[in-house]
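See structure below.
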Amino acid sequence: MSLPILGKYTFRPRTEKWRPFITTGYELGKSWNEFESRQVYRDTLAGTTQTFIGKSSNRSPLSNGIVIGGGVDYRFRRFYVAPEFRYTFQNPTNSGVESRHRADLLLSIRF
């Protein structure tokens, strides 16, 4: 789970049909995993069955990262469409971070 806290700056006024923008800020994240396994052993000679159940869970510490991005906000009649590219760099000193670099391509639609 991640929570980006971003600021957005547009380069043209709201009255324009298209407006390029940049975003920057921080991202807080946390992940957790839960595993369950079952193993069944059958002894055909004795006619017995044994089932072993294993459970485990893992939670990562809170991680933080730097986010930068940009895109263009298009106005089409009553709708706004904004494709955006966003790059996140996680702090390498945090343990439990799966990947330090992440790139996302997002599309927002407003009306």
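Going by the structure tokens order, chains are called A, B, ..., each with residues numbered from 1, while ligands are numbered from 1 in the order shown.
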Would you list the contacts of Ile68 in chain A as number ranges by chain, taking every protein, DNA or RNA residue within 9 Å and counting only C-alpha atoms, but skipping same-chain residues closer than 2 positions in sequence? A: 6, 22-26, 66, 70, 85-89
Save out the residues we just selected, N, CA and C atoms, as a PDB file, in the first residue's frame.
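Writing done, so here's part-v5.pdb:
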```pdb
ATOM      1  N   LEU A   6       1.514  14.718  -2.900  1.00  0.00           N
ATOM      2  CA  LEU A   6       2.108  15.426  -4.032  1.00  0.00           C
ATOM      3  C   LEU A   6       1.606  16.856  -4.149  1.00  0.00           C
ATOM      4  N   ILE A  22       3.732  19.620 -13.748  1.00  0.00           N
ATOM      5  CA  ILE A  22       4.713  18.769 -13.074  1.00  0.00           C
ATOM      6  C   ILE A  22       4.170  18.462 -11.683  1.00  0.00           C
ATOM      7  N   THR A  23       4.551  17.302 -11.156  1.00  0.00           N
ATOM      8  CA  THR A  23       4.187  16.916  -9.793  1.00  0.00           C
ATOM      9  C   THR A  23       5.454  16.501  -9.065  1.00  0.00           C
ATOM     10  N   THR A  24       5.475  16.744  -7.777  1.00  0.00           N
ATOM     11  CA  THR A  24       6.591  16.312  -6.949  1.00  0.00           C
ATOM     12  C   THR A  24       6.102  16.155  -5.512  1.00  0.00           C
ATOM     13  N   GLY A  25       6.789  15.316  -4.771  1.00  0.00           N
ATOM     14  CA  GLY A  25       6.405  15.112  -3.386  1.00  0.00           C
ATOM     15  C   GLY A  25       7.004  13.842  -2.816  1.00  0.00           C
ATOM     16  N   TYR A  26       6.328  13.290  -1.818  1.00  0.00           N
ATOM     17  CA  TYR A  26       6.792  12.096  -1.114  1.00  0.00           C
ATOM     18  C   TYR A  26       5.757  10.987  -1.229  1.00  0.00           C
ATOM     19  N   ILE A  66      10.821   9.517  -2.850  1.00  0.00           N
ATOM     20  CA  ILE A  66      10.669  10.798  -3.540  1.00  0.00           C
ATOM     21  C   ILE A  66       9.953  10.536  -4.854  1.00  0.00           C
ATOM     22  N   GLY A  70       5.180  14.282 -14.438  1.00  0.00           N
ATOM     23  CA  GLY A  70       4.677  15.341 -15.297  1.00  0.00           C
ATOM     24  C   GLY A  70       3.682  14.794 -16.285  1.00  0.00           C
ATOM     25  N   PHE A  85       3.129  10.739 -16.331  1.00  0.00           N
ATOM     26  CA  PHE A  85       4.233   9.827 -16.048  1.00  0.00           C
ATOM     27  C   PHE A  85       4.748  10.165 -14.661  1.00  0.00           C
ATOM     28  N   ARG A  86       4.934   9.148 -13.826  1.00  0.00           N
ATOM     29  CA  ARG A  86       5.394   9.372 -12.451  1.00  0.00           C
ATOM     30  C   ARG A  86       6.539   8.414 -12.129  1.00  0.00           C
ATOM     31  N   TYR A  87       7.617   8.955 -11.571  1.00  0.00           N
ATOM     32  CA  TYR A  87       8.793   8.171 -11.178  1.00  0.00           C
ATOM     33  C   TYR A  87       8.958   8.259  -9.665  1.00  0.00           C
ATOM     34  N   THR A  88       9.177   7.100  -9.022  1.00  0.00           N
ATOM     35  CA  THR A  88       9.349   7.042  -7.565  1.00  0.00           C
ATOM     36  C   THR A  88      10.688   6.393  -7.242  1.00  0.00           C
ATOM     37  N   PHE A  89      11.446   7.035  -6.370  1.00  0.00           N
ATOM     38  CA  PHE A  89      12.701   6.481  -5.868  1.00  0.00           C
ATOM     39  C   PHE A  89      12.535   6.237  -4.377  1.00  0.00           C
TER      40      PHE A  89
END
```
Using DSSP on the backbone coordinates, identify all residues within chain A classified as strand (DSSP E); present the result as a PyMOL selection string. chain A and resi 2-10+18-29+32-43+48-59+63-76+79-90+101-110
Exercise: range 101-110 of chain A partners within 12 Å, only C-alpha atoms, chain neighbours under 6 positions left out, as a list in words: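 In the requested form, the answer reads Glu27, Gly65, Ile66, Val67, Ile68, Gly69, Gly70, Gly71, Val72, Asp73, Tyr74, Arg75, Phe76, Arg77, Arg78, Phe79, Tyr80, Val81, Ala82, Pro83, Glu84, Phe85, Arg86, Tyr87, Thr88, Phe89, Gln90, Asn91 and Pro92 of chain A.
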Between CA of Asn33 in chain A and CA of Gln50 in chain A - distance in Å to one decimal: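 Taking CA of Gln50 in chain A as the start and CA of Asn33 in chain A as the end point, the length is 26.7 Å.
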For Glu34 in chain A, work out the shell of residues within 8 Å, counting only C-alpha atoms and skipping chain neighbours fewer than 4 positions away, then give it as a ChimeraX atom specification. /A:55-58
Quick one: write out the picked residues with C-alpha atoms as a CSV table (one decimal), in the first residue's frame?
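Dumped everything to again33.csv:
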```csv
chain,number,residue,atom,x,y,z
A,55,LYS,CA,0.9,-20.0,8.9
A,56,SER,CA,3.2,-17.0,8.7
A,57,SER,CA,3.0,-13.3,8.1
A,58,ASN,CA,5.5,-10.6,7.3
```
Taking only C-alpha atoms into account, which of A:Thr49, A:Arg59, A:Phe21, A:Tyr9 comes nearest Phe35 in chain A? A:Arg59
Please compute the CA of Ser31 in chain A-CA of Phe52 in chain A distance, one decimal, in Å.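 That distance, rounded to one decimal, is 27.2 Å.
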Expressed in Å to a single decimal, how great is the separation between CA of Pro20 in chain A and CA of Arg100 in chain A? 27.2 Å
